[in-house]
Each structure stands twice: as structure tokens, then as C-alpha cells.
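Asker: Take a look at data_0.txt, compact mmCIF, N, CA and C atoms and all ligand atoms:
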# COMPACT_ATOMS: atom_id res chain seq x y z
N MET A 1 31.68 5.92 49.29
CA MET A 1 32.10 6.29 47.95
C MET A 1 31.83 5.15 46.96
N ALA A 2 32.21 3.95 47.34
CA ALA A 2 32.01 2.79 46.49
C ALA A 2 30.52 2.54 46.26
N LYS A 3 29.73 2.81 47.30
CA LYS A 3 28.28 2.62 47.18
C LYS A 3 27.68 3.60 46.16
N GLU A 4 28.16 4.89 46.20
CA GLU A 4 27.67 5.89 45.23
C GLU A 4 28.09 5.53 43.81
N SER A 5 29.31 5.05 43.68
CA SER A 5 29.80 4.64 42.36
C SER A 5 28.99 3.47 41.81
N LEU A 6 28.66 2.55 42.70
CA LEU A 6 27.86 1.40 42.31
C LEU A 6 26.45 1.84 41.86
N MET A 7 25.88 2.82 42.58
CA MET A 7 24.55 3.35 42.23
C MET A 7 24.59 4.03 40.86
N ALA A 8 25.61 4.84 40.64
CA ALA A 8 25.74 5.54 39.35
C ALA A 8 25.90 4.54 38.22
N CYS A 9 26.66 3.52 38.48
CA CYS A 9 26.89 2.48 37.47
C CYS A 9 25.59 1.75 37.15
N SER A 10 24.82 1.42 38.17
CA SER A 10 23.55 0.70 37.93
C SER A 10 22.55 1.60 37.21
N GLN A 11 22.57 2.91 37.51
CA GLN A 11 21.70 3.85 36.80
C GLN A 11 22.03 3.86 35.31
N ARG A 12 23.31 3.83 35.00
CA ARG A 12 23.72 3.79 33.58
C ARG A 12 23.23 2.52 32.90
N TYR A 13 23.33 1.41 33.62
CA TYR A 13 22.87 0.15 33.03
C TYR A 13 21.35 0.17 32.81
N ILE A 14 20.63 0.76 33.75
CA ILE A 14 19.18 0.87 33.60
C ILE A 14 18.86 1.74 32.38
N TRP A 15 19.58 2.84 32.23
CA TRP A 15 19.36 3.74 31.10
C TRP A 15 19.66 3.01 29.78
N LEU A 16 20.78 2.29 29.75
CA LEU A 16 21.13 1.54 28.54
C LEU A 16 20.10 0.45 28.24
N TYR A 17 19.60 -0.19 29.28
CA TYR A 17 18.58 -1.23 29.11
C TYR A 17 17.32 -0.64 28.49
N ARG A 18 16.90 0.53 29.00
CA ARG A 18 15.70 1.19 28.44
C ARG A 18 15.94 1.59 26.98
N LEU A 19 17.12 2.11 26.69
CA LEU A 19 17.46 2.49 25.32
C LEU A 19 17.41 1.27 24.40
N LEU A 20 17.89 0.15 24.88
CA LEU A 20 17.86 -1.08 24.11
C LEU A 20 16.42 -1.53 23.84
N LEU A 21 15.56 -1.43 24.85
CA LEU A 21 14.14 -1.80 24.67
C LEU A 21 13.47 -0.92 23.62
N VAL A 22 13.74 0.38 23.68
CA VAL A 22 13.15 1.31 22.69
C VAL A 22 13.67 0.98 21.30
N SER A 23 14.94 0.70 21.17
CA SER A 23 15.52 0.37 19.86
C SER A 23 14.91 -0.91 19.30
N ILE A 24 14.71 -1.89 20.17
CA ILE A 24 14.10 -3.15 19.72
C ILE A 24 12.67 -2.90 19.25
N GLU A 25 11.93 -2.06 19.96
CA GLU A 25 10.55 -1.74 19.57
C GLU A 25 10.52 -1.02 18.22
N VAL A 26 11.41 -0.07 18.02
CA VAL A 26 11.48 0.65 16.74
C VAL A 26 11.80 -0.33 15.62
N LEU A 27 12.75 -1.21 15.85
CA LEU A 27 13.14 -2.21 14.84
C LEU A 27 11.97 -3.16 14.54
N ARG A 28 11.27 -3.59 15.59
CA ARG A 28 10.13 -4.49 15.42
C ARG A 28 9.05 -3.83 14.55
N ARG A 29 8.76 -2.56 14.84
CA ARG A 29 7.75 -1.84 14.05
C ARG A 29 8.20 -1.70 12.60
N ARG A 30 9.48 -1.42 12.40
CA ARG A 30 9.99 -1.30 11.03
C ARG A 30 9.79 -2.60 10.27
N LEU A 31 10.08 -3.72 10.92
CA LEU A 31 9.94 -5.03 10.27
C LEU A 31 8.48 -5.34 9.99
N GLU A 32 7.60 -4.96 10.92
CA GLU A 32 6.17 -5.20 10.73
C GLU A 32 5.60 -4.36 9.61
N LEU A 33 5.93 -3.09 9.61
CA LEU A 33 5.34 -2.17 8.67
C LEU A 33 6.08 -2.10 7.34
N GLY A 34 7.31 -2.50 7.31
CA GLY A 34 8.09 -2.40 6.09
C GLY A 34 8.57 -0.98 5.86
N MET A 35 8.88 -0.70 4.63
CA MET A 35 9.42 0.61 4.29
C MET A 35 8.40 1.38 3.46
N PHE A 36 8.19 2.62 3.80
CA PHE A 36 7.24 3.45 3.06
C PHE A 36 7.81 3.79 1.69
N VAL A 37 7.05 3.50 0.66
CA VAL A 37 7.43 3.85 -0.71
C VAL A 37 6.46 4.91 -1.20
N PRO A 38 6.90 6.17 -1.33
CA PRO A 38 5.99 7.21 -1.80
C PRO A 38 5.64 7.02 -3.25
N LEU A 39 4.37 7.26 -3.59
CA LEU A 39 3.91 7.11 -4.97
C LEU A 39 3.50 8.44 -5.60
N ALA A 40 2.91 9.31 -4.79
CA ALA A 40 2.48 10.60 -5.34
C ALA A 40 2.30 11.59 -4.21
N LYS A 41 2.34 12.86 -4.57
CA LYS A 41 2.03 13.92 -3.60
C LYS A 41 0.51 14.07 -3.56
N LEU A 42 -0.03 14.26 -2.37
CA LEU A 42 -1.48 14.40 -2.22
C LEU A 42 -2.02 15.55 -3.06
N VAL A 43 -1.24 16.60 -3.17
CA VAL A 43 -1.68 17.78 -3.92
C VAL A 43 -1.84 17.47 -5.41
N ASP A 44 -1.18 16.43 -5.90
CA ASP A 44 -1.25 16.08 -7.32
C ASP A 44 -2.45 15.20 -7.67
N LEU A 45 -3.15 14.67 -6.64
CA LEU A 45 -4.26 13.76 -6.90
C LEU A 45 -5.54 14.51 -7.25
N TYR A 46 -6.33 13.93 -8.13
CA TYR A 46 -7.62 14.49 -8.52
C TYR A 46 -8.45 13.35 -9.11
N ASP A 47 -9.77 13.50 -9.17
CA ASP A 47 -10.60 12.47 -9.78
C ASP A 47 -10.21 12.33 -11.25
N GLY A 48 -9.90 11.12 -11.64
CA GLY A 48 -9.41 10.87 -13.00
C GLY A 48 -7.90 10.63 -13.03
N PHE A 49 -7.23 10.87 -11.89
CA PHE A 49 -5.77 10.66 -11.81
C PHE A 49 -5.46 9.18 -12.03
N ARG A 50 -4.46 8.91 -12.86
CA ARG A 50 -3.97 7.54 -13.08
C ARG A 50 -2.47 7.59 -13.26
N GLN A 51 -1.80 6.63 -12.62
CA GLN A 51 -0.34 6.58 -12.73
C GLN A 51 0.10 5.15 -12.46
N THR A 52 0.94 4.61 -13.31
CA THR A 52 1.44 3.25 -13.08
C THR A 52 2.77 3.29 -12.35
N HIS A 53 3.00 2.26 -11.54
CA HIS A 53 4.23 2.16 -10.75
C HIS A 53 4.70 0.71 -10.76
N MET A 54 5.98 0.50 -10.83
CA MET A 54 6.55 -0.84 -10.68
C MET A 54 6.90 -1.02 -9.20
N LEU A 55 6.31 -2.04 -8.59
CA LEU A 55 6.57 -2.32 -7.18
C LEU A 55 6.83 -3.81 -7.05
N ALA A 56 7.94 -4.16 -6.48
CA ALA A 56 8.31 -5.56 -6.27
C ALA A 56 8.14 -6.38 -7.55
N GLY A 57 8.52 -5.80 -8.67
CA GLY A 57 8.51 -6.53 -9.94
C GLY A 57 7.16 -6.60 -10.64
N LYS A 58 6.13 -5.94 -10.09
CA LYS A 58 4.81 -5.96 -10.72
C LYS A 58 4.37 -4.52 -11.03
N SER A 59 3.53 -4.40 -12.04
CA SER A 59 2.99 -3.10 -12.39
C SER A 59 1.70 -2.86 -11.60
N TYR A 60 1.60 -1.68 -11.00
CA TYR A 60 0.41 -1.30 -10.24
C TYR A 60 -0.13 0.01 -10.78
N LEU A 61 -1.42 0.18 -10.62
CA LEU A 61 -2.09 1.39 -11.09
C LEU A 61 -2.62 2.15 -9.88
N LEU A 62 -2.12 3.37 -9.72
CA LEU A 62 -2.63 4.27 -8.70
C LEU A 62 -3.67 5.15 -9.36
N LEU A 63 -4.86 5.19 -8.79
CA LEU A 63 -5.91 5.99 -9.42
C LEU A 63 -6.82 6.62 -8.37
N GLN A 64 -7.47 7.69 -8.77
CA GLN A 64 -8.45 8.32 -7.90
C GLN A 64 -9.76 8.45 -8.64
N THR A 65 -10.84 8.05 -7.97
CA THR A 65 -12.19 8.23 -8.52
C THR A 65 -13.14 8.52 -7.37
N ASP A 66 -14.05 9.42 -7.56
CA ASP A 66 -15.02 9.84 -6.53
C ASP A 66 -14.32 10.19 -5.21
N GLY A 67 -13.17 10.80 -5.30
CA GLY A 67 -12.45 11.24 -4.11
C GLY A 67 -11.71 10.14 -3.37
N LYS A 68 -11.78 8.90 -3.87
CA LYS A 68 -11.09 7.78 -3.22
C LYS A 68 -9.90 7.36 -4.07
N VAL A 69 -8.82 7.01 -3.38
CA VAL A 69 -7.60 6.61 -4.07
C VAL A 69 -7.41 5.11 -3.91
N PHE A 70 -7.05 4.45 -5.00
CA PHE A 70 -6.86 2.99 -5.01
C PHE A 70 -5.51 2.67 -5.63
N LEU A 71 -4.96 1.56 -5.20
CA LEU A 71 -3.76 1.02 -5.83
C LEU A 71 -4.04 -0.44 -6.15
N ILE A 72 -4.16 -0.73 -7.44
CA ILE A 72 -4.49 -2.09 -7.88
C ILE A 72 -3.41 -2.60 -8.83
N GLU A 73 -3.32 -3.90 -8.92
CA GLU A 73 -2.38 -4.46 -9.88
C GLU A 73 -2.85 -4.11 -11.29
N ASN A 74 -1.93 -3.70 -12.11
CA ASN A 74 -2.25 -3.29 -13.48
C ASN A 74 -2.30 -4.53 -14.38
N ARG A 75 -3.13 -5.49 -13.97
CA ARG A 75 -3.23 -6.75 -14.72
C ARG A 75 -4.62 -7.33 -14.49
N CYS A 76 -5.32 -7.54 -15.57
CA CYS A 76 -6.66 -8.12 -15.47
C CYS A 76 -6.54 -9.61 -15.14
N PRO A 77 -7.29 -10.08 -14.14
CA PRO A 77 -7.23 -11.51 -13.78
C PRO A 77 -7.77 -12.42 -14.87
N HIS A 78 -8.51 -11.87 -15.85
CA HIS A 78 -9.07 -12.71 -16.90
C HIS A 78 -7.97 -13.24 -17.84
N MET A 79 -7.34 -12.33 -18.58
CA MET A 79 -6.28 -12.77 -19.51
C MET A 79 -5.11 -11.79 -19.51
N ASP A 80 -4.86 -11.18 -18.35
CA ASP A 80 -3.66 -10.38 -18.10
C ASP A 80 -3.54 -9.06 -18.87
N ALA A 81 -4.60 -8.57 -19.44
CA ALA A 81 -4.52 -7.28 -20.13
C ALA A 81 -4.28 -6.18 -19.09
N PRO A 82 -3.58 -5.12 -19.47
CA PRO A 82 -3.37 -4.02 -18.51
C PRO A 82 -4.68 -3.30 -18.20
N LEU A 83 -4.87 -2.95 -16.93
CA LEU A 83 -6.10 -2.25 -16.53
C LEU A 83 -5.95 -0.74 -16.59
N ALA A 84 -4.74 -0.27 -16.84
CA ALA A 84 -4.48 1.18 -16.83
C ALA A 84 -5.34 1.94 -17.83
N THR A 85 -5.78 1.27 -18.89
CA THR A 85 -6.60 1.95 -19.89
C THR A 85 -8.08 1.64 -19.72
N GLY A 86 -8.42 0.93 -18.64
CA GLY A 86 -9.81 0.56 -18.40
C GLY A 86 -10.68 1.75 -18.11
N HIS A 87 -11.99 1.53 -18.28
CA HIS A 87 -12.98 2.59 -18.04
C HIS A 87 -13.46 2.48 -16.59
N ILE A 88 -13.44 3.60 -15.89
CA ILE A 88 -13.86 3.60 -14.48
C ILE A 88 -15.23 4.22 -14.36
N GLN A 89 -16.13 3.47 -13.70
CA GLN A 89 -17.49 3.98 -13.49
C GLN A 89 -18.12 3.24 -12.32
N GLY A 90 -18.78 3.98 -11.48
CA GLY A 90 -19.51 3.39 -10.36
C GLY A 90 -18.64 2.56 -9.43
N GLY A 91 -17.44 3.00 -9.16
CA GLY A 91 -16.55 2.29 -8.23
C GLY A 91 -15.96 1.02 -8.80
N ALA A 92 -15.99 0.87 -10.12
CA ALA A 92 -15.41 -0.33 -10.75
C ALA A 92 -14.57 0.08 -11.95
N ILE A 93 -13.62 -0.76 -12.30
CA ILE A 93 -12.82 -0.53 -13.49
C ILE A 93 -13.15 -1.64 -14.49
N ARG A 94 -13.45 -1.23 -15.73
CA ARG A 94 -13.84 -2.20 -16.77
C ARG A 94 -12.65 -2.39 -17.71
N CYS A 95 -12.19 -3.62 -17.82
CA CYS A 95 -11.06 -3.96 -18.67
C CYS A 95 -11.45 -3.75 -20.14
N LYS A 96 -10.56 -3.12 -20.89
CA LYS A 96 -10.86 -2.84 -22.30
C LYS A 96 -10.80 -4.09 -23.18
N ALA A 97 -10.07 -5.10 -22.74
CA ALA A 97 -9.89 -6.27 -23.59
C ALA A 97 -11.19 -7.03 -23.85
N HIS A 98 -11.92 -7.39 -22.79
CA HIS A 98 -13.15 -8.17 -22.96
C HIS A 98 -14.32 -7.61 -22.17
N GLY A 99 -14.12 -6.47 -21.53
CA GLY A 99 -15.23 -5.77 -20.89
C GLY A 99 -15.63 -6.21 -19.50
N ILE A 100 -14.84 -7.02 -18.85
CA ILE A 100 -15.19 -7.43 -17.49
C ILE A 100 -14.84 -6.30 -16.52
N ALA A 101 -15.79 -6.02 -15.61
CA ALA A 101 -15.59 -4.96 -14.62
C ALA A 101 -15.17 -5.56 -13.28
N PHE A 102 -14.32 -4.84 -12.58
CA PHE A 102 -13.84 -5.28 -11.27
C PHE A 102 -14.08 -4.17 -10.26
N ASP A 103 -14.69 -4.54 -9.14
CA ASP A 103 -14.95 -3.57 -8.08
C ASP A 103 -13.62 -3.08 -7.51
N LEU A 104 -13.45 -1.78 -7.41
CA LEU A 104 -12.17 -1.23 -6.95
C LEU A 104 -11.95 -1.46 -5.45
N THR A 105 -13.02 -1.55 -4.69
CA THR A 105 -12.88 -1.73 -3.25
C THR A 105 -12.56 -3.18 -2.88
N SER A 106 -13.27 -4.11 -3.50
CA SER A 106 -13.06 -5.52 -3.16
C SER A 106 -12.13 -6.23 -4.13
N GLY A 107 -12.03 -5.72 -5.35
CA GLY A 107 -11.24 -6.37 -6.39
C GLY A 107 -12.00 -7.46 -7.12
N LYS A 108 -13.26 -7.74 -6.68
CA LYS A 108 -14.04 -8.84 -7.27
C LYS A 108 -14.57 -8.49 -8.65
N ALA A 109 -14.65 -9.52 -9.49
CA ALA A 109 -15.22 -9.35 -10.82
C ALA A 109 -16.73 -9.19 -10.69
N GLN A 110 -17.31 -8.42 -11.61
CA GLN A 110 -18.76 -8.25 -11.64
C GLN A 110 -19.31 -8.97 -12.86
N GLY A 111 -20.56 -9.33 -12.82
CA GLY A 111 -21.18 -9.97 -13.97
C GLY A 111 -21.14 -11.48 -13.91
N PRO A 112 -21.43 -12.13 -15.06
CA PRO A 112 -21.58 -13.59 -15.09
C PRO A 112 -20.31 -14.36 -14.72
N LEU A 113 -19.13 -13.80 -14.94
CA LEU A 113 -17.89 -14.52 -14.62
C LEU A 113 -17.39 -14.24 -13.20
N ALA A 114 -18.21 -13.52 -12.43
CA ALA A 114 -17.77 -13.08 -11.10
C ALA A 114 -17.22 -14.21 -10.24
N GLY A 115 -17.86 -15.35 -10.28
CA GLY A 115 -17.42 -16.45 -9.41
C GLY A 115 -16.27 -17.26 -9.98
N THR A 116 -15.86 -16.98 -11.20
CA THR A 116 -14.85 -17.82 -11.82
C THR A 116 -13.47 -17.15 -11.91
N LEU A 117 -13.42 -15.86 -11.64
CA LEU A 117 -12.15 -15.14 -11.78
C LEU A 117 -11.56 -14.76 -10.43
N ASP A 118 -10.24 -14.66 -10.40
CA ASP A 118 -9.57 -14.15 -9.21
C ASP A 118 -9.90 -12.66 -9.07
N CYS A 119 -9.71 -12.14 -7.88
CA CYS A 119 -9.87 -10.70 -7.64
C CYS A 119 -8.66 -9.96 -8.19
N VAL A 120 -8.87 -8.70 -8.53
CA VAL A 120 -7.74 -7.83 -8.85
C VAL A 120 -6.99 -7.58 -7.55
N GLU A 121 -5.68 -7.74 -7.60
CA GLU A 121 -4.89 -7.53 -6.39
C GLU A 121 -4.89 -6.05 -6.01
N ARG A 122 -5.11 -5.78 -4.74
CA ARG A 122 -5.11 -4.41 -4.24
C ARG A 122 -4.05 -4.28 -3.18
N LEU A 123 -3.40 -3.13 -3.10
CA LEU A 123 -2.46 -2.85 -2.03
C LEU A 123 -3.01 -1.73 -1.17
N GLU A 124 -2.80 -1.87 0.12
CA GLU A 124 -3.26 -0.85 1.08
C GLU A 124 -2.40 0.39 0.95
N LEU A 125 -3.04 1.53 0.86
CA LEU A 125 -2.31 2.79 0.76
C LEU A 125 -2.08 3.38 2.15
N THR A 126 -0.95 4.03 2.32
CA THR A 126 -0.65 4.72 3.57
C THR A 126 -0.19 6.14 3.23
N TYR A 127 -0.11 6.94 4.25
CA TYR A 127 0.27 8.34 4.06
C TYR A 127 1.50 8.66 4.90
N ASP A 128 2.33 9.53 4.37
CA ASP A 128 3.48 10.02 5.11
C ASP A 128 3.62 11.50 4.76
N GLY A 129 3.21 12.34 5.68
CA GLY A 129 3.25 13.78 5.42
C GLY A 129 2.34 14.12 4.25
N ASP A 130 2.90 14.72 3.22
CA ASP A 130 2.10 15.15 2.07
C ASP A 130 2.13 14.13 0.94
N LYS A 131 2.55 12.89 1.25
CA LYS A 131 2.67 11.87 0.22
C LYS A 131 1.78 10.66 0.50
N ILE A 132 1.34 10.02 -0.55
CA ILE A 132 0.60 8.77 -0.45
C ILE A 132 1.49 7.68 -1.02
N GLY A 133 1.43 6.50 -0.40
CA GLY A 133 2.31 5.43 -0.86
C GLY A 133 1.93 4.10 -0.24
N VAL A 134 2.86 3.19 -0.23
CA VAL A 134 2.63 1.85 0.33
C VAL A 134 3.78 1.47 1.23
N GLU A 135 3.49 0.54 2.12
CA GLU A 135 4.52 -0.06 2.97
C GLU A 135 4.93 -1.37 2.35
N LEU A 136 6.16 -1.49 1.96
CA LEU A 136 6.64 -2.75 1.37
C LEU A 136 7.72 -3.36 2.24
S1 LIG B 201 -8.31 -9.61 -20.25
FE1 LIG B 201 -9.52 -8.27 -19.09
S2 LIG B 201 -11.53 -8.87 -19.49
FE2 LIG B 201 -10.34 -10.25 -20.60
Once you've parsed the file, please lay out its structure as C-alpha cells.
Ligand code: FES

Answerer:
Amino acid sequence: MAKESLMACSQRYIWLYRLLLVSIEVLRRRLELGMFVPLAKLVDLYDGFRQTHMLAGKSYLLLQTDGKVFLIENRCPHMDAPLATGHIQGGAIRCKAHGIAFDLTSGKAQGPLAGTLDCVERLELTYDGDKIGVEL
């Protein structure tokens, strides 16, 4: 009888140990990935879509062009003008203030000042069900 009780008790400890391991793994993934912040519904996106969002104290621009969605900081690295009103063409956004274009994929400036300016900050987009957003 005592032997069976001991076996049942050890089975419970094994089960609790496994539950603890799974919980630690879930927690670790949460810390690695952060928290999903939804920005828009996929159904609302279209070429020409633009929407600004405040994330972690900074303004970001969510936009779609040629079927691709980008999330960039809404600040030109040249002299901080907002990029939300920039002209988008050929995979780049051109700042209205002084006309410098930035590649949307790399964030790099194009033209003669390319090597002298910082890149436009980009955030990686993720999906959760029917929403697009970021992990913060
Ligand atoms: S502030 Fe954007 S190009 Fe000068």
C-alpha cells in the first residue's frame, strides 16, 4: 500500500515538474517576443494606406505600397521632418522637406547624401489572426 502511495505521489511530482517546464518555456517565449501590439486589420490595408501610430513614445508610419506593408519611424533622419506626408515611389519614400528619398526596405537614404545620413528606423511587422502589428 505504501509503495503504491509513493508511486502515485512521484507521478504527481513528475506531472507538476513537466507543467513547470512548460510554464517556464511559455514565459521565456513571452519575454523574447514581447507583447503583440495590433496596428491594423489586414482587411483594411490597401496600396496607398497610411496610418501613424505612437509606439514607445515615438511616432511610426504604417504604410502599404506595391502590396508590401512597412512600419517606419515617422521622422526623417535629415532634419526630423515627418515622413507621413512623403511621396512614395519605387519602394522609397521621399521626404517633403528637402526631397531626400529613403528606401523602405533598408531604410537607407538615396542620392548624394546616402552615406552621410542615418537610416530611417524600421520595425518588423508580425501577424496575429486578422491583424498586423509589432512585438514590443
Ligand atoms: S528633413 Fe527630410 S529631407 Fe530634410

Asker: Using all atoms listed in the file, which protein or nucleic acid residues come within 8 Å of stretch 112-120 of chain A? Drop anything in the same chain fewer than 3 positions from it, and give the result as a ChimeraX atom specification.

Answerer: /A:71-78,100,102-103,106-109,123

Asker: Restrict the calculation to all atoms listed in the file, then for each residue of chain A with any atom at most 8 Å from an atom of ligand LIG 201 (chain B) give the closest atom pair and their distance in Å to one decimal, rows by chain and rising residue number, as a Markdown table.

Answerer:
| residue | atom | partner | partner_atom | distance |
| --- | --- | --- | --- | --- |
| A:Arg75 | C | B:LIG201 | FE1 | 6.8 |
| A:Cys76 | CA | B:LIG201 | FE1 | 4.6 |
| A:Pro77 | N | B:LIG201 | FE1 | 5.7 |
| A:His78 | C | B:LIG201 | S1 | 4.4 |
| A:Met79 | N | B:LIG201 | S1 | 3.3 |
| A:Asp80 | N | B:LIG201 | S1 | 4.2 |
| A:Ala81 | N | B:LIG201 | S1 | 3.9 |
| A:Pro82 | N | B:LIG201 | S1 | 6.6 |
| A:Leu83 | CA | B:LIG201 | FE1 | 7.4 |
| A:Arg94 | C | B:LIG201 | FE1 | 6.8 |
| A:Cys95 | CA | B:LIG201 | FE1 | 4.6 |
| A:Lys96 | N | B:LIG201 | FE1 | 5.6 |
| A:Ala97 | C | B:LIG201 | FE2 | 4.7 |
| A:His98 | N | B:LIG201 | S2 | 3.6 |
| A:Gly99 | N | B:LIG201 | S2 | 4.1 |
| A:Ile100 | N | B:LIG201 | S2 | 3.8 |
| A:Ala101 | N | B:LIG201 | S2 | 6.4 |

Asker: Can you measure atom CA of A:His53 to atom CA of A:Pro38 for me? One decimal in Å is fine.

Answerer: 10.4 Å

Asker: Please identify all polymer residues lying at most 6.5 Å from the point (2.8, 4.6, -10.7) (file coordinates), using only N, CA and C atoms, and present the result as a PDB file with N, CA and C atoms, in the frame of the given file.

Answerer:
ATOM      1  N   LEU A  39       4.370   7.260  -3.590  1.00  0.00           N
ATOM      2  CA  LEU A  39       3.910   7.110  -4.970  1.00  0.00           C
ATOM      3  C   LEU A  39       3.500   8.440  -5.600  1.00  0.00           C
ATOM      4  N   GLN A  51      -1.800   6.630 -12.620  1.00  0.00           N
ATOM      5  CA  GLN A  51      -0.340   6.580 -12.730  1.00  0.00           C
ATOM      6  C   GLN A  51       0.100   5.150 -12.460  1.00  0.00           C
ATOM      7  N   THR A  52       0.940   4.610 -13.310  1.00  0.00           N
ATOM      8  CA  THR A  52       1.440   3.250 -13.080  1.00  0.00           C
ATOM      9  C   THR A  52       2.770   3.290 -12.350  1.00  0.00           C
ATOM     10  N   HIS A  53       3.000   2.260 -11.540  1.00  0.00           N
ATOM     11  CA  HIS A  53       4.230   2.160 -10.750  1.00  0.00           C
ATOM     12  C   HIS A  53       4.700   0.710 -10.760  1.00  0.00           C
ATOM     13  N   MET A  54       5.980   0.500 -10.830  1.00  0.00           N
ATOM     14  CA  MET A  54       6.550  -0.840 -10.680  1.00  0.00           C
ATOM     15  C   MET A  54       6.900  -1.020  -9.200  1.00  0.00           C
ATOM     16  N   TYR A  60       1.600  -1.680 -11.000  1.00  0.00           N
ATOM     17  CA  TYR A  60       0.410  -1.300 -10.240  1.00  0.00           C
ATOM     18  C   TYR A  60      -0.130   0.010 -10.780  1.00  0.00           C
ATOM     19  N   LEU A  61      -1.420   0.180 -10.620  1.00  0.00           N
ATOM     20  CA  LEU A  61      -2.090   1.390 -11.090  1.00  0.00           C
ATOM     21  C   LEU A  61      -2.620   2.150  -9.880  1.00  0.00           C
ATOM     22  N   LEU A  62      -2.120   3.370  -9.720  1.00  0.00           N
ATOM     23  CA  LEU A  62      -2.630   4.270  -8.700  1.00  0.00           C
ATOM     24  C   LEU A  62      -3.670   5.150  -9.360  1.00  0.00           C
TER      25      LEU A  62
END

Asker: Just the number, please: distance in Å from atom N of A:Thr105 to atom CA of A:Gly67, one decimal.

Answerer: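 If I compute the distance from atom N of A:Thr105 to atom CA of A:Gly67, I get 12.8 Å.
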
Asker: Could you state the separation of atom N of A:Leu63 and atom C of A:Leu42 in Å, given to one decimal place?

Answerer: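 Computing it gives 12.2 Å between the two atoms.
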